[in-house]
$ cat input35.txt   # compact mmCIF, N, CA and C atoms
# COMPACT_ATOMS: atom_id res chain seq x y z
N MET A 5 170.06 255.71 -36.15
CA MET A 5 168.91 256.25 -35.46
C MET A 5 167.95 255.10 -35.14
N ALA A 6 167.49 255.06 -33.89
CA ALA A 6 166.58 254.02 -33.47
C ALA A 6 165.19 254.26 -34.05
N VAL A 7 164.54 253.17 -34.41
CA VAL A 7 163.17 253.21 -34.91
C VAL A 7 162.23 253.18 -33.71
N THR A 8 161.22 254.04 -33.71
CA THR A 8 160.27 254.04 -32.59
C THR A 8 158.93 253.41 -32.96
N GLU A 9 158.68 253.24 -34.23
CA GLU A 9 157.45 252.58 -34.67
C GLU A 9 157.83 251.55 -35.74
N LEU A 10 157.36 250.34 -35.54
CA LEU A 10 157.74 249.23 -36.42
C LEU A 10 156.54 248.32 -36.59
N HIS A 11 156.26 247.95 -37.83
CA HIS A 11 155.15 247.04 -38.13
C HIS A 11 155.63 245.98 -39.11
N TYR A 12 155.31 244.74 -38.81
CA TYR A 12 155.74 243.62 -39.64
C TYR A 12 155.43 243.87 -41.12
N GLY A 13 154.24 244.35 -41.42
CA GLY A 13 153.82 244.56 -42.80
C GLY A 13 154.63 245.59 -43.57
N ASP A 14 155.37 246.43 -42.87
CA ASP A 14 156.19 247.46 -43.51
C ASP A 14 157.62 247.01 -43.79
N ILE A 15 158.02 245.85 -43.28
CA ILE A 15 159.40 245.39 -43.42
C ILE A 15 159.55 244.64 -44.73
N GLU A 16 160.64 244.91 -45.43
CA GLU A 16 160.92 244.25 -46.71
C GLU A 16 162.21 243.46 -46.64
N ILE A 17 162.24 242.35 -47.38
CA ILE A 17 163.48 241.58 -47.52
C ILE A 17 164.53 242.52 -48.11
N GLY A 18 165.73 242.45 -47.56
CA GLY A 18 166.82 243.30 -48.02
C GLY A 18 167.01 244.56 -47.21
N TYR A 19 166.08 244.86 -46.30
CA TYR A 19 166.22 246.05 -45.45
C TYR A 19 167.58 246.00 -44.76
N GLN A 20 168.36 247.08 -44.88
CA GLN A 20 169.69 247.16 -44.29
C GLN A 20 169.65 247.91 -42.97
N PHE A 21 170.22 247.33 -41.94
CA PHE A 21 170.37 248.01 -40.66
C PHE A 21 171.54 248.98 -40.74
N PRO A 22 171.47 250.08 -40.04
CA PRO A 22 172.64 250.96 -39.96
C PRO A 22 173.80 250.19 -39.32
N THR A 23 174.97 250.31 -39.90
CA THR A 23 176.16 249.63 -39.38
C THR A 23 176.56 250.22 -38.03
N ILE A 24 177.03 249.37 -37.14
CA ILE A 24 177.56 249.85 -35.86
C ILE A 24 178.97 249.30 -35.67
N GLU A 25 179.76 250.00 -34.86
CA GLU A 25 181.11 249.56 -34.54
C GLU A 25 181.27 249.44 -33.04
N HIS A 26 182.03 248.43 -32.64
CA HIS A 26 182.35 248.20 -31.23
C HIS A 26 183.87 248.28 -31.08
N HIS A 27 184.34 249.10 -30.17
CA HIS A 27 185.75 249.18 -29.84
C HIS A 27 186.00 248.22 -28.68
N VAL A 28 186.78 247.19 -28.93
CA VAL A 28 186.98 246.13 -27.95
C VAL A 28 188.20 246.46 -27.09
N THR A 29 187.92 247.02 -25.93
CA THR A 29 188.96 247.35 -24.95
C THR A 29 189.02 246.24 -23.91
N GLN A 30 190.03 246.27 -23.06
CA GLN A 30 190.09 245.28 -21.97
C GLN A 30 188.90 245.47 -21.03
N GLU A 31 188.48 246.71 -20.82
CA GLU A 31 187.31 246.94 -19.97
C GLU A 31 186.06 246.27 -20.56
N VAL A 32 185.89 246.35 -21.87
CA VAL A 32 184.75 245.70 -22.53
C VAL A 32 184.82 244.19 -22.32
N ILE A 33 186.00 243.61 -22.53
CA ILE A 33 186.16 242.16 -22.35
C ILE A 33 185.92 241.77 -20.89
N ASP A 34 186.45 242.56 -19.95
CA ASP A 34 186.26 242.26 -18.53
C ASP A 34 184.78 242.32 -18.14
N ARG A 35 184.07 243.33 -18.63
CA ARG A 35 182.64 243.45 -18.32
C ARG A 35 181.85 242.29 -18.94
N ALA A 36 182.23 241.90 -20.14
CA ALA A 36 181.56 240.76 -20.78
C ALA A 36 181.82 239.48 -19.98
N ALA A 37 183.06 239.29 -19.53
CA ALA A 37 183.39 238.11 -18.72
C ALA A 37 182.54 238.08 -17.45
N LEU A 38 182.36 239.23 -16.83
CA LEU A 38 181.54 239.31 -15.62
C LEU A 38 180.07 239.02 -15.95
N ALA A 39 179.57 239.63 -17.01
CA ALA A 39 178.17 239.43 -17.40
C ALA A 39 177.88 237.97 -17.78
N HIS A 40 178.83 237.32 -18.42
CA HIS A 40 178.63 235.96 -18.90
C HIS A 40 179.15 234.90 -17.92
N LEU A 41 179.74 235.38 -16.81
CA LEU A 41 180.36 234.49 -15.82
C LEU A 41 181.38 233.57 -16.47
N ASP A 42 182.18 234.14 -17.37
CA ASP A 42 183.20 233.39 -18.09
C ASP A 42 184.56 234.02 -17.79
N PHE A 43 185.22 233.49 -16.75
CA PHE A 43 186.48 234.07 -16.29
C PHE A 43 187.69 233.30 -16.80
N ASN A 44 187.55 232.70 -17.97
CA ASN A 44 188.67 232.04 -18.61
C ASN A 44 189.81 233.05 -18.72
N PRO A 45 191.04 232.67 -18.35
CA PRO A 45 192.15 233.62 -18.41
C PRO A 45 192.43 234.17 -19.81
N VAL A 46 191.97 233.48 -20.84
CA VAL A 46 192.17 233.99 -22.19
C VAL A 46 191.47 235.34 -22.37
N HIS A 47 190.46 235.61 -21.54
CA HIS A 47 189.74 236.88 -21.59
C HIS A 47 190.33 237.93 -20.64
N THR A 48 190.72 237.50 -19.46
CA THR A 48 190.95 238.47 -18.38
C THR A 48 192.37 238.55 -17.84
N ASN A 49 193.22 237.58 -18.09
CA ASN A 49 194.54 237.56 -17.49
C ASN A 49 195.61 237.98 -18.50
N ILE A 50 195.97 239.24 -18.44
CA ILE A 50 196.89 239.83 -19.42
C ILE A 50 198.25 239.14 -19.36
N GLU A 51 198.82 238.96 -18.17
CA GLU A 51 200.15 238.35 -18.04
C GLU A 51 200.15 236.90 -18.51
N TRP A 52 199.11 236.15 -18.17
CA TRP A 52 199.00 234.76 -18.60
C TRP A 52 198.98 234.68 -20.12
N ASN A 53 198.25 235.57 -20.77
CA ASN A 53 198.16 235.56 -22.24
C ASN A 53 199.49 235.85 -22.91
N LYS A 54 200.31 236.69 -22.29
CA LYS A 54 201.63 236.97 -22.85
C LYS A 54 202.46 235.70 -22.93
N ARG A 55 202.30 234.80 -21.96
CA ARG A 55 203.04 233.54 -21.96
C ARG A 55 202.35 232.46 -22.78
N ALA A 56 201.06 232.31 -22.60
CA ALA A 56 200.33 231.19 -23.21
C ALA A 56 200.12 231.37 -24.71
N GLN A 57 199.89 232.58 -25.14
CA GLN A 57 199.65 232.92 -26.54
C GLN A 57 198.59 232.01 -27.19
N VAL A 58 197.49 231.87 -26.47
CA VAL A 58 196.35 231.14 -27.02
C VAL A 58 195.87 231.89 -28.25
N PHE A 59 195.45 231.21 -29.26
CA PHE A 59 195.00 231.80 -30.53
C PHE A 59 196.15 232.53 -31.24
N GLY A 60 197.40 232.27 -30.86
CA GLY A 60 198.54 232.86 -31.55
C GLY A 60 198.78 234.33 -31.25
N THR A 61 198.25 234.83 -30.14
CA THR A 61 198.45 236.23 -29.79
C THR A 61 198.79 236.36 -28.31
N GLN A 62 199.54 237.37 -27.97
CA GLN A 62 199.87 237.64 -26.57
C GLN A 62 198.78 238.46 -25.89
N LYS A 63 197.79 238.88 -26.65
CA LYS A 63 196.73 239.73 -26.12
C LYS A 63 195.55 238.90 -25.62
N THR A 64 194.77 239.49 -24.73
CA THR A 64 193.52 238.86 -24.34
C THR A 64 192.55 238.94 -25.51
N VAL A 65 191.58 238.06 -25.49
CA VAL A 65 190.59 238.03 -26.58
C VAL A 65 189.19 237.89 -26.01
N GLY A 66 188.24 238.33 -26.79
CA GLY A 66 186.84 238.07 -26.53
C GLY A 66 186.32 237.18 -27.64
N HIS A 67 185.42 236.30 -27.32
CA HIS A 67 184.77 235.47 -28.34
C HIS A 67 183.52 234.88 -27.73
N GLY A 68 182.82 234.08 -28.46
CA GLY A 68 181.62 233.44 -27.93
C GLY A 68 180.52 234.45 -27.64
N MET A 69 180.15 234.52 -26.37
CA MET A 69 179.04 235.39 -25.96
C MET A 69 179.31 236.85 -26.30
N LEU A 70 180.56 237.30 -26.20
CA LEU A 70 180.87 238.70 -26.53
C LEU A 70 180.56 238.98 -27.99
N THR A 71 181.01 238.10 -28.87
CA THR A 71 180.76 238.28 -30.30
C THR A 71 179.26 238.24 -30.60
N MET A 72 178.55 237.28 -30.00
CA MET A 72 177.11 237.18 -30.24
C MET A 72 176.38 238.41 -29.72
N SER A 73 176.81 238.94 -28.58
CA SER A 73 176.12 240.12 -28.05
C SER A 73 176.41 241.36 -28.90
N MET A 74 177.61 241.46 -29.46
CA MET A 74 177.90 242.59 -30.36
C MET A 74 177.00 242.52 -31.58
N MET A 75 176.82 241.31 -32.12
CA MET A 75 175.95 241.18 -33.29
C MET A 75 174.49 241.47 -32.93
N ALA A 76 174.03 240.97 -31.79
CA ALA A 76 172.64 241.21 -31.38
C ALA A 76 172.38 242.69 -31.13
N SER A 77 173.41 243.42 -30.72
CA SER A 77 173.21 244.85 -30.45
C SER A 77 172.82 245.63 -31.69
N LEU A 78 173.13 245.10 -32.87
CA LEU A 78 172.71 245.75 -34.11
C LEU A 78 171.19 245.84 -34.17
N ILE A 79 170.53 244.77 -33.82
CA ILE A 79 169.06 244.74 -33.80
C ILE A 79 168.54 245.54 -32.61
N ASP A 80 169.13 245.29 -31.45
CA ASP A 80 168.67 245.93 -30.23
C ASP A 80 168.72 247.45 -30.32
N ARG A 81 169.81 248.00 -30.78
CA ARG A 81 169.95 249.46 -30.86
C ARG A 81 168.98 250.09 -31.84
N HIS A 82 168.63 249.37 -32.87
CA HIS A 82 167.80 249.96 -33.92
C HIS A 82 166.30 249.71 -33.72
N TRP A 83 165.91 248.53 -33.23
CA TRP A 83 164.50 248.16 -33.18
C TRP A 83 163.91 247.98 -31.79
N ARG A 84 164.72 247.91 -30.74
CA ARG A 84 164.20 247.61 -29.39
C ARG A 84 163.11 248.57 -28.96
N HIS A 85 163.29 249.86 -29.18
CA HIS A 85 162.31 250.85 -28.73
C HIS A 85 160.99 250.76 -29.49
N ALA A 86 160.98 249.99 -30.55
CA ALA A 86 159.75 249.80 -31.32
C ALA A 86 159.07 248.48 -30.98
N GLY A 87 159.58 247.77 -29.99
CA GLY A 87 158.93 246.55 -29.53
C GLY A 87 159.43 245.26 -30.12
N ALA A 88 160.54 245.28 -30.85
CA ALA A 88 161.09 244.04 -31.42
C ALA A 88 161.86 243.27 -30.35
N SER A 89 161.91 241.95 -30.50
CA SER A 89 162.68 241.14 -29.57
C SER A 89 163.26 239.93 -30.30
N VAL A 90 164.50 239.61 -29.96
CA VAL A 90 165.16 238.44 -30.52
C VAL A 90 164.56 237.21 -29.85
N ILE A 91 164.11 236.27 -30.66
CA ILE A 91 163.51 235.05 -30.12
C ILE A 91 164.39 233.82 -30.33
N ARG A 92 165.34 233.92 -31.25
CA ARG A 92 166.22 232.78 -31.53
C ARG A 92 167.43 233.29 -32.30
N MET A 93 168.56 232.64 -32.08
CA MET A 93 169.74 232.99 -32.86
C MET A 93 170.52 231.74 -33.21
N GLN A 94 171.17 231.81 -34.35
CA GLN A 94 172.07 230.76 -34.77
C GLN A 94 173.35 231.46 -35.21
N SER A 95 174.45 231.18 -34.51
CA SER A 95 175.68 231.91 -34.76
C SER A 95 176.83 230.98 -35.09
N LYS A 96 177.74 231.49 -35.90
CA LYS A 96 178.99 230.81 -36.18
C LYS A 96 180.10 231.76 -35.77
N LEU A 97 180.93 231.32 -34.84
CA LEU A 97 182.03 232.15 -34.36
C LEU A 97 183.28 231.79 -35.16
N VAL A 98 183.75 232.73 -35.93
CA VAL A 98 184.80 232.46 -36.90
C VAL A 98 186.20 232.72 -36.36
N LYS A 99 186.35 233.79 -35.57
CA LYS A 99 187.67 234.21 -35.11
C LYS A 99 187.52 234.99 -33.81
N PRO A 100 188.41 234.74 -32.82
CA PRO A 100 188.34 235.55 -31.60
C PRO A 100 188.73 237.00 -31.90
N VAL A 101 188.31 237.89 -31.00
CA VAL A 101 188.57 239.32 -31.18
C VAL A 101 189.63 239.76 -30.18
N GLU A 102 190.79 240.17 -30.67
CA GLU A 102 191.85 240.65 -29.79
C GLU A 102 191.48 242.00 -29.19
N VAL A 103 191.93 242.21 -27.95
CA VAL A 103 191.78 243.51 -27.33
C VAL A 103 192.42 244.56 -28.25
N GLY A 104 191.77 245.70 -28.38
CA GLY A 104 192.28 246.76 -29.25
C GLY A 104 191.66 246.78 -30.64
N ARG A 105 190.91 245.75 -30.98
CA ARG A 105 190.28 245.69 -32.30
C ARG A 105 188.97 246.47 -32.31
N VAL A 106 188.53 246.79 -33.51
CA VAL A 106 187.22 247.39 -33.73
C VAL A 106 186.42 246.37 -34.53
N VAL A 107 185.21 246.10 -34.08
CA VAL A 107 184.34 245.14 -34.77
C VAL A 107 183.16 245.90 -35.36
N ARG A 108 183.00 245.74 -36.67
CA ARG A 108 181.89 246.38 -37.40
C ARG A 108 180.82 245.33 -37.64
N CYS A 109 179.58 245.65 -37.26
CA CYS A 109 178.46 244.74 -37.45
C CYS A 109 177.53 245.29 -38.52
N GLU A 110 177.21 244.42 -39.48
CA GLU A 110 176.33 244.78 -40.59
C GLU A 110 175.24 243.73 -40.67
N GLY A 111 174.03 244.16 -41.04
CA GLY A 111 172.95 243.18 -41.13
C GLY A 111 171.83 243.63 -42.05
N TYR A 112 171.05 242.64 -42.46
CA TYR A 112 169.91 242.91 -43.35
C TYR A 112 168.82 241.87 -43.09
N VAL A 113 167.60 242.23 -43.46
CA VAL A 113 166.48 241.29 -43.33
C VAL A 113 166.60 240.27 -44.46
N LYS A 114 166.73 239.02 -44.08
CA LYS A 114 166.96 237.91 -45.01
C LYS A 114 165.66 237.20 -45.39
N GLU A 115 164.75 237.06 -44.42
CA GLU A 115 163.49 236.35 -44.66
C GLU A 115 162.37 236.99 -43.84
N LEU A 116 161.15 236.83 -44.34
CA LEU A 116 159.94 237.24 -43.62
C LEU A 116 159.14 235.99 -43.27
N HIS A 117 158.63 235.91 -42.04
CA HIS A 117 157.86 234.75 -41.60
C HIS A 117 156.54 235.19 -40.99
N PRO A 118 155.50 235.33 -41.83
CA PRO A 118 154.18 235.72 -41.31
C PRO A 118 153.56 234.55 -40.54
N ARG A 119 153.19 234.79 -39.29
CA ARG A 119 152.65 233.72 -38.46
C ARG A 119 151.34 234.10 -37.77
N GLY A 120 150.83 235.28 -38.08
CA GLY A 120 149.59 235.70 -37.44
C GLY A 120 149.85 236.64 -36.28
N SER A 121 148.79 237.06 -35.67
CA SER A 121 148.81 238.08 -34.64
C SER A 121 149.85 237.81 -33.53
N GLY A 122 150.82 238.69 -33.43
CA GLY A 122 151.84 238.62 -32.39
C GLY A 122 152.89 237.55 -32.56
N GLN A 123 152.84 236.80 -33.66
CA GLN A 123 153.78 235.69 -33.84
C GLN A 123 154.69 235.85 -35.06
N SER A 124 154.46 236.86 -35.87
CA SER A 124 155.27 237.06 -37.08
C SER A 124 156.69 237.48 -36.69
N TYR A 125 157.64 237.01 -37.49
CA TYR A 125 159.02 237.38 -37.22
C TYR A 125 159.80 237.51 -38.52
N VAL A 126 160.96 238.15 -38.42
CA VAL A 126 161.86 238.28 -39.56
C VAL A 126 163.17 237.61 -39.20
N LEU A 127 163.89 237.16 -40.22
CA LEU A 127 165.22 236.59 -40.02
C LEU A 127 166.23 237.63 -40.47
N VAL A 128 167.09 238.02 -39.55
CA VAL A 128 168.10 239.04 -39.82
C VAL A 128 169.46 238.36 -39.91
N ALA A 129 170.16 238.55 -41.03
CA ALA A 129 171.51 238.01 -41.20
C ALA A 129 172.50 239.09 -40.79
N ILE A 130 173.45 238.72 -39.93
CA ILE A 130 174.43 239.69 -39.41
C ILE A 130 175.83 239.13 -39.61
N THR A 131 176.73 240.01 -39.99
CA THR A 131 178.15 239.69 -40.10
C THR A 131 178.93 240.66 -39.22
N ALA A 132 179.86 240.13 -38.44
CA ALA A 132 180.76 240.95 -37.63
C ALA A 132 182.15 240.82 -38.22
N ILE A 133 182.77 241.96 -38.52
CA ILE A 133 184.07 241.99 -39.21
C ILE A 133 185.03 242.84 -38.39
N ASP A 134 186.25 242.33 -38.18
CA ASP A 134 187.22 243.13 -37.42
C ASP A 134 187.92 244.15 -38.32
N ASN A 135 188.73 245.01 -37.71
CA ASN A 135 189.36 246.09 -38.47
C ASN A 135 190.48 245.60 -39.39
N GLU A 136 190.75 244.30 -39.40
CA GLU A 136 191.66 243.73 -40.40
C GLU A 136 190.88 243.21 -41.61
N GLY A 137 189.54 243.32 -41.55
CA GLY A 137 188.70 242.86 -42.64
C GLY A 137 188.29 241.41 -42.55
N ASP A 138 188.62 240.76 -41.42
CA ASP A 138 188.28 239.35 -41.24
C ASP A 138 186.94 239.20 -40.53
N PRO A 139 186.10 238.28 -40.99
CA PRO A 139 184.87 238.03 -40.24
C PRO A 139 185.21 237.37 -38.90
N VAL A 140 184.53 237.81 -37.84
CA VAL A 140 184.71 237.19 -36.53
C VAL A 140 183.45 236.44 -36.12
N GLY A 141 182.32 236.75 -36.75
CA GLY A 141 181.08 236.06 -36.45
C GLY A 141 180.06 236.24 -37.56
N LEU A 142 179.25 235.22 -37.75
CA LEU A 142 178.13 235.24 -38.70
C LEU A 142 176.92 234.72 -37.95
N ALA A 143 175.77 235.33 -38.19
CA ALA A 143 174.59 234.89 -37.43
C ALA A 143 173.30 235.17 -38.18
N ASP A 144 172.31 234.37 -37.85
CA ASP A 144 170.92 234.62 -38.24
C ASP A 144 170.14 234.79 -36.95
N TYR A 145 169.44 235.92 -36.82
CA TYR A 145 168.65 236.21 -35.64
C TYR A 145 167.18 236.26 -36.04
N ALA A 146 166.35 235.44 -35.41
CA ALA A 146 164.91 235.51 -35.60
C ALA A 146 164.39 236.60 -34.67
N VAL A 147 163.69 237.58 -35.23
CA VAL A 147 163.26 238.75 -34.47
C VAL A 147 161.75 238.92 -34.61
N ARG A 148 161.06 238.84 -33.47
CA ARG A 148 159.62 239.08 -33.47
C ARG A 148 159.40 240.59 -33.50
N VAL A 149 158.52 241.02 -34.39
CA VAL A 149 158.22 242.45 -34.52
C VAL A 149 156.71 242.66 -34.39
N PRO A 150 156.32 243.84 -33.93
CA PRO A 150 154.87 244.11 -33.79
C PRO A 150 154.15 243.99 -35.13
N ASP A 151 152.85 243.63 -35.06
CA ASP A 151 152.02 243.53 -36.28
C ASP A 151 151.78 244.89 -36.90
$ encode --input "input35.txt" --output "structure tokens"
Amino acid sequence: MAVTELHYGDIEIGYQFPTIEHHVTQEVIDRAALAHLDFNPVHTNIEWNKRAQVFGTQKTVGHGMLTMSMMASLIDRHWRHAGASVIRMQSKLVKPVEVGRVVRCEGYVKELHPRGSGQSYVLVAITAIDNEGDPVGLADYAVRVPD
């Protein structure tokens, strides 16, 4: 459930975001490639991937911007309507995501950074895990929240 009212002073370290899941279909990968202007055949060319087997799979994969956007959506879906905005991210991409996988994103408030009126932010730690139980991405997102 999305939060509609959010105040920096009410947020506590350890706050857990509701988990979300992303079903990674070829349509999702294709739309991400279009949005990110990344038309690498590893994402979009099914026949090429059957031959090339980049990353050891015959399937297309999403990674990079797709993984980071899936992780960011955890914050966006829950806090956006309350005025929160991502101001910085630091991500580690661990494993590409094969088409057909489900990616579960989990996150919690790791740090509080009081900076004064309109400048305070929280650091949210997020992990993205595929349906084999392997992490595909780890990130810290700095999120500005209303006072």
$ residues_around --input "input35.txt" --residues "Tyr145 of chain A" --least-positions-apart "2" --cutoff "6 Å" --atoms "only N, CA and C atoms" --output "mmCIF file with N, CA and C atoms, keeping the file's coordinate frame"
data_model
loop_
_atom_site.group_PDB
_atom_site.id
_atom_site.type_symbol
_atom_site.label_atom_id
_atom_site.label_comp_id
_atom_site.auth_asym_id
_atom_site.auth_seq_id
_atom_site.Cartn_x
_atom_site.Cartn_y
_atom_site.Cartn_z
ATOM 1 N N ARG A 92 165.340 233.920 -31.250
ATOM 2 C CA ARG A 92 166.220 232.780 -31.530
ATOM 3 C C ARG A 92 167.430 233.290 -32.300
ATOM 4 N N MET A 93 168.560 232.640 -32.080
ATOM 5 C CA MET A 93 169.740 232.990 -32.860
ATOM 6 C C MET A 93 170.520 231.740 -33.210
ATOM 7 N N GLN A 94 171.170 231.810 -34.350
ATOM 8 C CA GLN A 94 172.070 230.760 -34.770
ATOM 9 C C GLN A 94 173.350 231.460 -35.210
ATOM 10 N N VAL A 126 160.960 238.150 -38.420
ATOM 11 C CA VAL A 126 161.860 238.280 -39.560
ATOM 12 C C VAL A 126 163.170 237.610 -39.200
ATOM 13 N N LEU A 127 163.890 237.160 -40.220
ATOM 14 C CA LEU A 127 165.220 236.590 -40.020
ATOM 15 C C LEU A 127 166.230 237.630 -40.470
ATOM 16 N N VAL A 128 167.090 238.020 -39.550
ATOM 17 C CA VAL A 128 168.100 239.040 -39.820
ATOM 18 C C VAL A 128 169.460 238.360 -39.910
ATOM 19 N N ALA A 129 170.160 238.550 -41.030
ATOM 20 C CA ALA A 129 171.510 238.010 -41.200
ATOM 21 C C ALA A 129 172.500 239.090 -40.790
ATOM 22 N N ILE A 130 173.450 238.720 -39.930
ATOM 23 C CA ILE A 130 174.430 239.690 -39.410
ATOM 24 C C ILE A 130 175.830 239.130 -39.610
ATOM 25 N N ALA A 143 175.770 235.330 -38.190
ATOM 26 C CA ALA A 143 174.590 234.890 -37.430
ATOM 27 C C ALA A 143 173.300 235.170 -38.180
ATOM 28 N N VAL A 147 163.690 237.580 -35.230
ATOM 29 C CA VAL A 147 163.260 238.750 -34.470
ATOM 30 C C VAL A 147 161.750 238.920 -34.610
#
$ select_by_dssp --input "input35.txt" --residues "chain A" --states "alpha helix (DSSP H)" --output "short mmCIF file (atom, residue, chain, number, x, y, z; two decimals) with N, CA and C atoms, keeping the file's coordinate frame"
data_model
loop_
_atom_site.label_atom_id
_atom_site.label_comp_id
_atom_site.auth_asym_id
_atom_site.auth_seq_id
_atom_site.Cartn_x
_atom_site.Cartn_y
_atom_site.Cartn_z
N GLN A 30 190.03 246.27 -23.06
CA GLN A 30 190.09 245.28 -21.97
C GLN A 30 188.90 245.47 -21.03
N GLU A 31 188.48 246.71 -20.82
CA GLU A 31 187.31 246.94 -19.97
C GLU A 31 186.06 246.27 -20.56
N VAL A 32 185.89 246.35 -21.87
CA VAL A 32 184.75 245.70 -22.53
C VAL A 32 184.82 244.19 -22.32
N ILE A 33 186.00 243.61 -22.53
CA ILE A 33 186.16 242.16 -22.35
C ILE A 33 185.92 241.77 -20.89
N ASP A 34 186.45 242.56 -19.95
CA ASP A 34 186.26 242.26 -18.53
C ASP A 34 184.78 242.32 -18.14
N ARG A 35 184.07 243.33 -18.63
CA ARG A 35 182.64 243.45 -18.32
C ARG A 35 181.85 242.29 -18.94
N ALA A 36 182.23 241.90 -20.14
CA ALA A 36 181.56 240.76 -20.78
C ALA A 36 181.82 239.48 -19.98
N ALA A 37 183.06 239.29 -19.53
CA ALA A 37 183.39 238.11 -18.72
C ALA A 37 182.54 238.08 -17.45
N LEU A 38 182.36 239.23 -16.83
CA LEU A 38 181.54 239.31 -15.62
C LEU A 38 180.07 239.02 -15.95
N ALA A 39 179.57 239.63 -17.01
CA ALA A 39 178.17 239.43 -17.40
C ALA A 39 177.88 237.97 -17.78
N HIS A 40 178.83 237.32 -18.42
CA HIS A 40 178.63 235.96 -18.90
C HIS A 40 179.15 234.90 -17.92
N PRO A 45 191.04 232.67 -18.35
CA PRO A 45 192.15 233.62 -18.41
C PRO A 45 192.43 234.17 -19.81
N VAL A 46 191.97 233.48 -20.84
CA VAL A 46 192.17 233.99 -22.19
C VAL A 46 191.47 235.34 -22.37
N HIS A 47 190.46 235.61 -21.54
CA HIS A 47 189.74 236.88 -21.59
C HIS A 47 190.33 237.93 -20.64
N THR A 48 190.72 237.50 -19.46
CA THR A 48 190.95 238.47 -18.38
C THR A 48 192.37 238.55 -17.84
N ILE A 50 195.97 239.24 -18.44
CA ILE A 50 196.89 239.83 -19.42
C ILE A 50 198.25 239.14 -19.36
N GLU A 51 198.82 238.96 -18.17
CA GLU A 51 200.15 238.35 -18.04
C GLU A 51 200.15 236.90 -18.51
N TRP A 52 199.11 236.15 -18.17
CA TRP A 52 199.00 234.76 -18.60
C TRP A 52 198.98 234.68 -20.12
N ASN A 53 198.25 235.57 -20.77
CA ASN A 53 198.16 235.56 -22.24
C ASN A 53 199.49 235.85 -22.91
N LYS A 54 200.31 236.69 -22.29
CA LYS A 54 201.63 236.97 -22.85
C LYS A 54 202.46 235.70 -22.93
N ARG A 55 202.30 234.80 -21.96
CA ARG A 55 203.04 233.54 -21.96
C ARG A 55 202.35 232.46 -22.78
N ALA A 56 201.06 232.31 -22.60
CA ALA A 56 200.33 231.19 -23.21
C ALA A 56 200.12 231.37 -24.71
N MET A 69 180.15 234.52 -26.37
CA MET A 69 179.04 235.39 -25.96
C MET A 69 179.31 236.85 -26.30
N LEU A 70 180.56 237.30 -26.20
CA LEU A 70 180.87 238.70 -26.53
C LEU A 70 180.56 238.98 -27.99
N THR A 71 181.01 238.10 -28.87
CA THR A 71 180.76 238.28 -30.30
C THR A 71 179.26 238.24 -30.60
N MET A 72 178.55 237.28 -30.00
CA MET A 72 177.11 237.18 -30.24
C MET A 72 176.38 238.41 -29.72
N SER A 73 176.81 238.94 -28.58
CA SER A 73 176.12 240.12 -28.05
C SER A 73 176.41 241.36 -28.90
N MET A 74 177.61 241.46 -29.46
CA MET A 74 177.90 242.59 -30.36
C MET A 74 177.00 242.52 -31.58
N MET A 75 176.82 241.31 -32.12
CA MET A 75 175.95 241.18 -33.29
C MET A 75 174.49 241.47 -32.93
N ALA A 76 174.03 240.97 -31.79
CA ALA A 76 172.64 241.21 -31.38
C ALA A 76 172.38 242.69 -31.13
N SER A 77 173.41 243.42 -30.72
CA SER A 77 173.21 244.85 -30.45
C SER A 77 172.82 245.63 -31.69
N LEU A 78 173.13 245.10 -32.87
CA LEU A 78 172.71 245.75 -34.11
C LEU A 78 171.19 245.84 -34.17
N ILE A 79 170.53 244.77 -33.82
CA ILE A 79 169.06 244.74 -33.80
C ILE A 79 168.54 245.54 -32.61
N ASP A 80 169.13 245.29 -31.45
CA ASP A 80 168.67 245.93 -30.23
C ASP A 80 168.72 247.45 -30.32
N ARG A 81 169.81 248.00 -30.78
CA ARG A 81 169.95 249.46 -30.86
C ARG A 81 168.98 250.09 -31.84
N HIS A 82 168.63 249.37 -32.87
CA HIS A 82 167.80 249.96 -33.92
C HIS A 82 166.30 249.71 -33.72
N TRP A 83 165.91 248.53 -33.23
CA TRP A 83 164.50 248.16 -33.18
C TRP A 83 163.91 247.98 -31.79
#
$ closest_residue --input "input35.txt" --among "A:Tyr19, A:Arg35, A:Gly66, A:Ala76" --to "Lys114 of chain A" --atoms "only N, CA and C atoms"
A:Tyr19
$ residues_around --input "input35.txt" --residues "Gln20 of chain A" --least-positions-apart "3" --cutoff "6.5 Å" --atoms "all atoms listed in the file" --output "VMD selection string"
chain A and resid 111 to 113
$ closest_residue --input "input35.txt" --among "A:Asp138, A:Cys109, A:Ala56, A:Asp42" --to "Met75 of chain A" --atoms "only N, CA and C atoms"
A:Cys109
$ residues_around --input "input35.txt" --residues "Val98 of chain A" --least-positions-apart "6" --cutoff "7 Å" --atoms "all atoms listed in the file" --output "list in words"
Pro139, Val140, Gly141 and Leu142 of chain A
$ residues_around --input "input35.txt" --residues "Gly137 of chain A" --least-positions-apart "3" --cutoff "10 Å" --atoms "only C-alpha atoms" --output "VMD selection string"
chain A and resid 107 to 108 132 to 134 140
$ closest_residue --input "input35.txt" --among "A:Glu9, A:Glu115, A:Glu110, A:Glu31" --to "Ser77 of chain A" --atoms "only C-alpha atoms"
A:Glu110
$ closest_residue --input "input35.txt" --among "A:Thr131, A:Gln30, A:Thr8, A:Asn44" --to "Gly104 of chain A" --atoms "all atoms listed in the file"
A:Gln30
$ atom_distance --input "input35.txt" --atom1 "atom C of Val90 of chain A" --atom2 "atom C of Ala146 of chain A"
4.9 Å
$ closest_residue --input "input35.txt" --among "A:Leu41, A:Ile33, A:His26, A:Leu10" --to "Pro150 of chain A" --atoms "all atoms listed in the file"
A:Leu10
$ atom_distance --input "input35.txt" --atom1 "atom C of Val149 of chain A" --atom2 "atom C of Ala6 of chain A"
14.4 Å
$ atom_distance --input "input35.txt" --atom1 "atom CA of Asn53 of chain A" --atom2 "atom CA of Ile24 of chain A"
28.5 Å
